[in-house]
file protein-v7.cif (mmCIF, C-alpha atoms and all ligand atoms)
data_start
#
loop_
_atom_site.label_atom_id
_atom_site.label_comp_id
_atom_site.auth_asym_id
_atom_site.auth_seq_id
_atom_site.Cartn_x
_atom_site.Cartn_y
_atom_site.Cartn_z
CA MET A 1 7.50 2.57 -19.05
CA GLN A 2 5.72 0.45 -16.46
CA ASN A 3 2.11 1.15 -15.61
CA LEU A 4 1.12 1.50 -11.99
CA VAL A 5 -2.58 1.26 -11.22
CA VAL A 6 -3.46 2.50 -7.74
CA LEU A 7 -6.65 1.56 -5.89
CA ILE A 8 -7.94 3.86 -3.17
CA SER A 9 -11.04 4.39 -1.06
CA GLY A 10 -10.25 7.57 0.83
CA ARG A 11 -7.71 10.29 1.55
CA GLY A 12 -5.06 9.14 -0.92
CA SER A 13 -1.94 10.32 0.89
CA ASN A 14 -0.03 7.16 -0.06
CA LEU A 15 -1.13 7.67 -3.67
CA LEU A 16 0.33 11.16 -3.52
CA ALA A 17 3.58 9.91 -2.01
CA LEU A 18 3.90 7.33 -4.80
CA THR A 19 3.07 9.87 -7.51
CA ARG A 20 5.55 12.39 -6.11
CA GLU A 21 8.46 9.96 -5.76
CA CYS A 22 7.73 8.45 -9.18
CA ARG A 23 8.14 11.90 -10.71
CA ILE A 24 11.01 13.20 -8.58
CA GLN A 25 13.09 10.03 -8.75
CA ARG A 26 12.25 9.51 -12.43
CA TRP A 27 11.16 5.91 -12.09
CA PRO A 28 10.70 4.06 -15.38
CA ALA A 29 7.02 4.01 -14.49
CA ARG A 30 3.92 6.18 -14.32
CA VAL A 31 0.69 6.15 -12.38
CA ALA A 32 -1.50 5.13 -15.31
CA ALA A 33 -4.82 5.24 -13.47
CA VAL A 34 -6.44 5.57 -10.06
CA LEU A 35 -9.52 3.51 -9.34
CA SER A 36 -11.81 3.87 -6.36
CA ASN A 37 -14.87 2.10 -5.03
CA ARG A 38 -16.05 5.43 -3.58
CA ALA A 39 -16.94 8.48 -5.65
CA ASP A 40 -16.23 10.73 -2.64
CA ALA A 41 -12.67 9.49 -2.06
CA ALA A 42 -10.64 12.66 -1.45
CA GLY A 43 -7.67 11.14 -3.24
CA LEU A 44 -9.56 11.22 -6.55
CA ARG A 45 -9.48 15.00 -6.52
CA GLU A 46 -5.72 14.99 -6.08
CA ALA A 47 -5.34 12.45 -8.86
CA ARG A 48 -7.42 14.56 -11.24
CA VAL A 49 -5.32 17.64 -10.41
CA ALA A 50 -2.22 15.60 -11.24
CA GLY A 51 -3.79 14.69 -14.59
CA ILE A 52 -4.12 11.01 -13.79
CA PRO A 53 -7.14 9.19 -15.27
CA VAL A 54 -9.56 8.18 -12.53
CA GLU A 55 -12.43 5.74 -12.48
CA VAL A 56 -15.05 4.90 -9.87
CA LEU A 57 -16.62 1.48 -9.46
CA ASP A 58 -19.10 1.68 -6.62
CA HIS A 59 -19.12 -1.79 -5.09
CA ARG A 60 -22.81 -1.35 -4.14
CA ARG A 61 -23.74 -1.77 -7.79
CA TRP A 62 -22.88 -5.47 -7.59
CA SER A 63 -24.80 -7.82 -5.31
CA GLU A 64 -22.09 -10.47 -5.27
CA ARG A 65 -18.57 -9.76 -4.04
CA ALA A 66 -17.05 -11.95 -6.78
CA GLN A 67 -18.88 -9.98 -9.48
CA PHE A 68 -17.49 -6.71 -8.18
CA ASP A 69 -14.03 -8.26 -8.02
CA ALA A 70 -14.32 -9.40 -11.65
CA ALA A 71 -15.56 -6.00 -12.85
CA LEU A 72 -12.79 -4.24 -10.96
CA ALA A 73 -10.23 -6.63 -12.45
CA ASP A 74 -11.53 -5.79 -15.95
CA ALA A 75 -11.26 -2.06 -15.23
CA VAL A 76 -7.72 -2.44 -13.89
CA ALA A 77 -6.65 -4.71 -16.76
CA ALA A 78 -7.78 -2.06 -19.26
CA HIS A 79 -4.77 0.02 -18.10
CA SER A 80 -2.27 -2.80 -18.76
CA PRO A 81 -0.82 -2.66 -15.25
CA HIS A 82 2.62 -3.97 -14.42
CA TRP A 83 1.83 -3.38 -10.75
CA VAL A 84 -1.45 -2.97 -8.92
CA LEU A 85 -0.99 -0.95 -5.74
CA LEU A 86 -3.63 -0.95 -3.02
CA ALA A 87 -3.35 2.26 -1.05
CA GLY A 88 -6.12 2.50 1.50
CA PHE A 89 -8.49 0.41 -0.61
CA MET A 90 -11.12 -0.69 1.88
CA ARG A 91 -12.52 -3.77 0.15
CA VAL A 92 -11.24 -7.29 0.59
CA LEU A 93 -10.38 -8.66 -2.86
CA GLY A 94 -11.01 -12.32 -3.58
CA PRO A 95 -9.65 -14.73 -6.19
CA ALA A 96 -11.76 -13.20 -8.98
CA PHE A 97 -9.46 -10.18 -8.68
CA VAL A 98 -6.22 -11.47 -7.24
CA ASP A 99 -5.86 -14.42 -9.62
CA ARG A 100 -5.99 -12.05 -12.60
CA PHE A 101 -2.73 -10.36 -11.51
CA PRO A 102 -0.57 -13.07 -9.98
CA SER A 103 2.38 -11.68 -7.98
CA ARG A 104 1.54 -8.17 -9.14
CA VAL A 105 -0.72 -6.86 -6.38
CA LEU A 106 0.76 -5.05 -3.36
CA ASN A 107 -0.83 -3.52 -0.29
CA ILE A 108 0.29 -1.28 2.52
CA HIS A 109 -1.07 -2.03 5.96
CA PRO A 110 -0.67 0.20 9.01
CA SER A 111 0.85 -2.33 11.41
CA LEU A 112 3.78 -4.68 11.70
CA LEU A 113 2.08 -7.75 10.27
CA PRO A 114 1.22 -10.38 11.31
CA SER A 115 0.30 -8.28 14.34
CA PHE A 116 -2.90 -6.28 14.07
CA ALA A 117 -4.35 -7.39 10.75
CA GLY A 118 -7.69 -5.71 10.08
CA LEU A 119 -8.96 -2.34 11.29
CA HIS A 120 -8.13 0.11 14.12
CA THR A 121 -4.52 -0.98 14.19
CA HIS A 122 -3.20 2.04 16.12
CA ARG A 123 -5.79 1.79 18.88
CA ARG A 124 -5.13 -1.94 19.20
CA ALA A 125 -1.37 -1.39 19.31
CA LEU A 126 -1.78 1.12 22.15
CA GLU A 127 -4.12 -1.22 24.01
CA ALA A 128 -1.66 -4.08 23.65
CA GLY A 129 1.14 -1.92 25.05
CA VAL A 130 3.61 -2.66 22.25
CA ARG A 131 6.75 -0.48 22.22
CA ALA A 132 7.22 -0.61 18.45
CA HIS A 133 4.59 -0.25 15.75
CA GLY A 134 4.72 0.51 12.06
CA ALA A 135 3.63 -0.43 8.58
CA THR A 136 4.01 -3.35 6.23
CA VAL A 137 4.08 -3.64 2.45
CA HIS A 138 3.05 -7.12 1.44
CA MET A 139 1.92 -9.11 -1.56
CA VAL A 140 -1.81 -9.58 -1.73
CA GLY A 141 -3.32 -13.03 -1.55
CA ALA A 142 -6.95 -13.95 -1.16
CA GLN A 143 -6.78 -13.62 2.65
CA LEU A 144 -7.11 -10.40 4.62
CA ASP A 145 -3.78 -8.64 5.20
CA ALA A 146 -1.87 -11.81 4.40
CA GLY A 147 0.55 -12.68 1.61
CA PRO A 148 4.33 -12.57 1.73
CA ILE A 149 5.80 -9.58 3.57
CA ILE A 150 8.13 -7.46 1.45
CA ALA A 151 9.33 -4.74 3.81
CA GLN A 152 8.36 -3.00 7.02
CA ALA A 153 8.85 0.39 8.63
CA VAL A 154 9.15 0.52 12.39
CA VAL A 155 8.33 3.50 14.58
CA PRO A 156 8.51 3.74 18.35
CA VAL A 157 5.45 4.02 20.54
CA LEU A 158 6.19 6.95 22.82
CA GLU A 159 5.07 7.95 26.28
CA GLY A 160 1.86 9.96 26.02
CA ASP A 161 0.93 8.74 22.53
CA ASP A 162 -2.71 8.74 21.65
CA GLU A 163 -4.25 7.09 18.60
CA GLN A 164 -3.87 10.20 16.43
CA ARG A 165 -0.24 10.86 17.28
CA LEU A 166 0.69 7.27 16.67
CA ALA A 167 -1.32 7.20 13.42
CA ASP A 168 0.50 10.32 12.19
CA ARG A 169 3.89 8.79 12.96
CA VAL A 170 3.02 5.57 11.15
CA LEU A 171 1.56 7.42 8.15
CA ALA A 172 4.76 9.44 7.73
CA ALA A 173 6.61 6.10 7.74
CA GLU A 174 4.21 4.69 5.14
CA HIS A 175 4.98 7.59 2.83
CA ARG A 176 8.64 6.53 2.85
CA LEU A 177 8.11 2.78 2.84
CA TYR A 178 5.67 2.32 -0.05
CA PRO A 179 7.64 4.37 -2.60
CA THR A 180 10.84 2.63 -1.49
CA VAL A 181 9.35 -0.78 -2.27
CA VAL A 182 7.75 0.24 -5.56
CA ARG A 183 11.02 1.76 -6.69
CA TRP A 184 12.78 -1.58 -6.03
CA LEU A 185 10.18 -3.21 -8.26
CA VAL A 186 10.14 -0.82 -11.19
CA GLU A 187 13.93 -0.52 -11.24
CA GLY A 188 14.29 -4.32 -11.26
CA ASP A 189 16.04 -4.61 -7.89
CA MET A 190 13.33 -6.96 -6.70
CA THR A 191 11.13 -9.54 -8.37
CA LEU A 192 8.01 -11.15 -6.99
CA SER A 193 6.82 -14.71 -7.33
CA GLU A 194 4.24 -16.81 -5.55
CA SER A 195 6.71 -17.64 -2.80
CA GLY A 196 7.56 -14.00 -2.15
CA PRO A 197 10.13 -11.35 -3.06
CA THR A 198 13.64 -11.98 -4.37
CA TRP A 199 16.24 -9.25 -4.45
CA ARG A 200 18.94 -8.88 -7.08
CA PRO A 201 22.13 -9.74 -5.20
CA GLY A 202 23.59 -6.62 -3.61
CA ALA A 203 20.90 -4.35 -5.04
CA VAL A 204 19.05 -3.55 -1.86
CA PRO A 205 20.88 -3.49 1.46
CA GLN A 206 19.68 -5.55 4.39
CA PRO A 207 17.65 -5.17 6.51
CA ARG A 208 14.56 -4.56 4.41
CA CYS A 209 13.18 -2.64 7.30
CA LEU A 210 13.15 1.11 7.81
CA TRP A 211 13.76 2.21 11.39
CA LEU A 212 12.22 5.60 11.83
CA GLY A 213 12.93 7.31 15.09
CA GLU A 214 15.07 6.10 17.90
CA ARG A 215 15.53 2.34 18.00
CA PRO A 216 13.94 0.85 21.07
CA GLY A 217 16.68 0.49 23.67
CA ALA A 218 19.17 2.76 21.87
CA ARG A 219 20.87 5.56 23.81
C1 LIG B 1 -3.08 3.89 5.31
O1 LIG B 1 -2.87 3.93 6.69
C2 LIG B 1 -2.83 2.52 4.76
O2 LIG B 1 -1.82 1.83 5.43
C3 LIG B 1 -4.15 1.83 5.00
O3 LIG B 1 -5.12 2.82 4.75
C4 LIG B 1 -4.56 4.11 4.99
C5 LIG B 1 -4.75 4.88 3.72
O4 LIG B 1 -4.35 6.23 3.85
N1 LIG B 1 -4.28 0.65 4.18
P1 LIG B 1 -4.26 7.15 2.57
O5 LIG B 1 -5.61 7.07 1.87
O6 LIG B 1 -3.17 6.64 1.69
O7 LIG B 1 -3.99 8.53 3.08
#
call {"tool": "encode", "arguments": {"input": "protein-v7.cif", "output": "structure tokens", "more": "lines below"}}
Ligand code: GRF
result
Amino acid sequence: MQNLVVLISGRGSNLLALTRECRIQRWPARVAAVLSNRADAAGLREARVAGIPVEVLDHRRWSERAQFDAALADAVAAHSPHWVLLAGFMRVLGPAFVDRFPSRVLNIHPSLLPSFAGLHTHRRALEAGVRAHGATVHMVGAQLDAGPIIAQAVVPVLEGDDEQRLADRVLAAEHRLYPTVVRWLVEGDMTLSESGPTWRPGAVPQPRCLWLGERPGAR
């Protein structure tokens, strides 16, 4: 049984999607713990209801970023994680964290990286006038929203979209994408190394991209 440790800062809808698919699809894995840097993260309540151990490390208790990273790494390591899954965790993690779990930390980001790293991705996508938007699951390195891309989900940007409508469409895509990727990992269809993901031949069909909604240009 592989241990998944999930890090959140807020709502926790990706955490819930992972927990649900883990149970329904009977992955050889379990969400062993949920850690948050915010005591008021709504997702913690959901985790408690699901009987998952939760822990809060308020980053404001540490004056240095690297000290917080090291303390968080200790707390995560205590749950013997096979995979560390960032799911709306709103702190940038440096080497004091990332180097403790080489090729074991994943993140989901609400854009098609490398476009729109950082915050307010949906607003920026609308402002840029892109016709396709989406989400990316990537390995976590010491740089913001960087690290090898594993898979992406693409959604169309539609006439009349506002930030909320687009955000909702992307979030629904995230809830399919993240569990898909984690399932590949825990079932051994994909391995991760410093240079990126490798798939067991034939295990996961190409493309490693979920198209959700009408493909741009399709009739
Ligand atoms: C998601 O959009 C995720 O891509 C981003 O933060 C948001 C977290 O949402 N990193 P939730 O807490 O999982 O509902």
call {"tool": "closest_atom_pairs", "arguments": {"input": "protein-v7.cif", "of": "chain A", "to": "ligand LIG 1 (chain B)", "cutoff": "9 Å", "atoms": "all atoms listed in the file", "output": "Markdown table"}}
result
| residue | atom | partner | partner_atom | distance |
| --- | --- | --- | --- | --- |
| A:Ile8 | CA | B:LIG1 | O5 | 6.4 |
| A:Ser9 | CA | B:LIG1 | O5 | 6.7 |
| A:Gly10 | CA | B:LIG1 | O5 | 4.8 |
| A:Arg11 | CA | B:LIG1 | O5 | 3.9 |
| A:Gly12 | CA | B:LIG1 | O5 | 3.5 |
| A:Ser13 | CA | B:LIG1 | O7 | 3.5 |
| A:Asn14 | CA | B:LIG1 | O6 | 3.6 |
| A:Leu15 | CA | B:LIG1 | O6 | 5.8 |
| A:Leu16 | CA | B:LIG1 | O6 | 7.7 |
| A:Ala17 | CA | B:LIG1 | O6 | 8.4 |
| A:Ala41 | CA | B:LIG1 | O5 | 8.4 |
| A:Ala42 | CA | B:LIG1 | O5 | 8.2 |
| A:Gly43 | CA | B:LIG1 | O5 | 6.8 |
| A:Leu86 | CA | B:LIG1 | N1 | 7.4 |
| A:Ala87 | CA | B:LIG1 | O6 | 5.2 |
| A:Gly88 | CA | B:LIG1 | O3 | 3.4 |
| A:Phe89 | CA | B:LIG1 | N1 | 6.4 |
| A:Met90 | CA | B:LIG1 | N1 | 7.3 |
| A:Asn107 | CA | B:LIG1 | N1 | 7.0 |
| A:Ile108 | CA | B:LIG1 | O2 | 4.8 |
| A:His109 | CA | B:LIG1 | O2 | 4.0 |
| A:Pro110 | CA | B:LIG1 | O2 | 4.1 |
| A:Ser111 | CA | B:LIG1 | O2 | 7.8 |
| A:Leu119 | CA | B:LIG1 | C3 | 8.9 |
| A:Ala135 | CA | B:LIG1 | O2 | 6.7 |
| A:Thr136 | CA | B:LIG1 | O2 | 7.8 |
| A:Val137 | CA | B:LIG1 | O2 | 8.6 |
| A:Ala167 | CA | B:LIG1 | O1 | 7.6 |
| A:Val170 | CA | B:LIG1 | O1 | 7.6 |
| A:Leu171 | CA | B:LIG1 | O1 | 5.8 |
| A:Glu174 | CA | B:LIG1 | O2 | 6.7 |
| A:His175 | CA | B:LIG1 | O6 | 8.3 |
call {"tool": "residues_around", "arguments": {"input": "protein-v7.cif", "residues": "Asp145 in chain A", "least_positions_apart": "4", "cutoff": "9 Å", "atoms": "only C-alpha atoms", "output": "PyMOL selection string"}}
result
chain A and resi 92+107-109+113-114+117-118+138-141
call {"tool": "residues_around", "arguments": {"input": "protein-v7.cif", "residues": "Leu72 in chain A", "least_positions_apart": "6", "cutoff": "12 Å", "atoms": "only C-alpha atoms", "output": "MDAnalysis selection string"}}
result
chainID A and resid 5:7 34:37 55:59 61:62 65:66 78:79 84 91 93:98 100:101
call {"tool": "atom_distance", "arguments": {"input": "protein-v7.cif", "atom1": "CA of Arg208 in chain A", "atom2": "CA of Ser103 in chain A"}}
result
18.8 Å
call {"tool": "closest_atom_pairs", "arguments": {"input": "protein-v7.cif", "of": "range 28-105 of chain A", "to": "range 182-194 of chain A", "cutoff": "10 Å", "atoms": "all atoms listed in the file", "output": "CSV"}}
result
residue,atom,partner,partner_atom,distance
A:Pro28,CA,A:Val186,CA,6.5
A:Ala29,CA,A:Val186,CA,6.6
A:Arg30,CA,A:Val186,CA,9.9
A:His82,CA,A:Val186,CA,8.8
A:Trp83,CA,A:Val182,CA,8.7
A:Leu85,CA,A:Val182,CA,8.8
A:Pro102,CA,A:Glu194,CA,7.5
A:Ser103,CA,A:Ser193,CA,5.4
A:Arg104,CA,A:Leu192,CA,7.4
A:Val105,CA,A:Leu192,CA,9.7
call {"tool": "atom_distance", "arguments": {"input": "protein-v7.cif", "atom1": "CA of Ala173 in chain A", "atom2": "CA of His122 in chain A"}}
result
13.5 Å
call {"tool": "residues_around", "arguments": {"input": "protein-v7.cif", "residues": "Val154 in chain A", "least_positions_apart": "4", "cutoff": "7 Å", "atoms": "all atoms listed in the file", "output": "list of chain:residue names"}}
result
A:Ala132, A:His133, A:Gly134, A:Ala135, A:Leu210, A:Trp211, A:Leu212
call {"tool": "write_last_selection", "arguments": {"input": "protein-v7.cif", "atoms": "C-alpha atoms", "output": "mmCIF file, in the coordinates of the input"}}
result
data_model
loop_
_atom_site.group_PDB
_atom_site.id
_atom_site.type_symbol
_atom_site.label_atom_id
_atom_site.label_comp_id
_atom_site.auth_asym_id
_atom_site.auth_seq_id
_atom_site.Cartn_x
_atom_site.Cartn_y
_atom_site.Cartn_z
ATOM 1 C CA ALA A 132 7.220 -0.610 18.450
ATOM 2 C CA HIS A 133 4.590 -0.250 15.750
ATOM 3 C CA GLY A 134 4.720 0.510 12.060
ATOM 4 C CA ALA A 135 3.630 -0.430 8.580
ATOM 5 C CA LEU A 210 13.150 1.110 7.810
ATOM 6 C CA TRP A 211 13.760 2.210 11.390
ATOM 7 C CA LEU A 212 12.220 5.600 11.830
#
call {"tool": "atom_distance", "arguments": {"input": "protein-v7.cif", "atom1": "CA of Leu18 in chain A", "atom2": "CA of Gln152 in chain A"}}
result
16.3 Å
call {"tool": "axis_aligned_box", "arguments": {"input": "protein-v7.cif", "around": "range 71-90 of chain A", "padding_each_side": "5 Å", "output": "AutoDock Vina command-line options"}}
result
--center_x -6.5 --center_y -2.1 --center_z -8.7 --size_x 28.2 --size_y 19.1 --size_z 31.1
call {"tool": "closest_residue", "arguments": {"input": "protein-v7.cif", "among": "A:Ala172, A:Ile24, A:Ala142, A:Val54", "to": "Arg38 in chain A", "atoms": "only C-alpha atoms"}}
result
A:Val54
call {"tool": "residues_around", "arguments": {"input": "protein-v7.cif", "residues": "Ala128 in chain A", "least_positions_apart": "5", "cutoff": "12 Å", "atoms": "all atoms listed in the file", "output": "PyMOL selection string"}}
result
chain A and resi 115-116+121-123+133+157
call {"tool": "closest_residue", "arguments": {"input": "protein-v7.cif", "among": "A:Ser195, A:Arg176, A:Arg124, A:Arg165", "to": "Ile149 in chain A", "atoms": "all atoms listed in the file"}}
result
A:Ser195
call {"tool": "residues_near_point", "arguments": {"input": "protein-v7.cif", "point": "(0.7, 2.1, -13.4)", "cutoff": "6 Å", "atoms": "only C-alpha atoms", "output": "PyMOL selection string"}}
result
chain A and resi 3-5+30-32+81
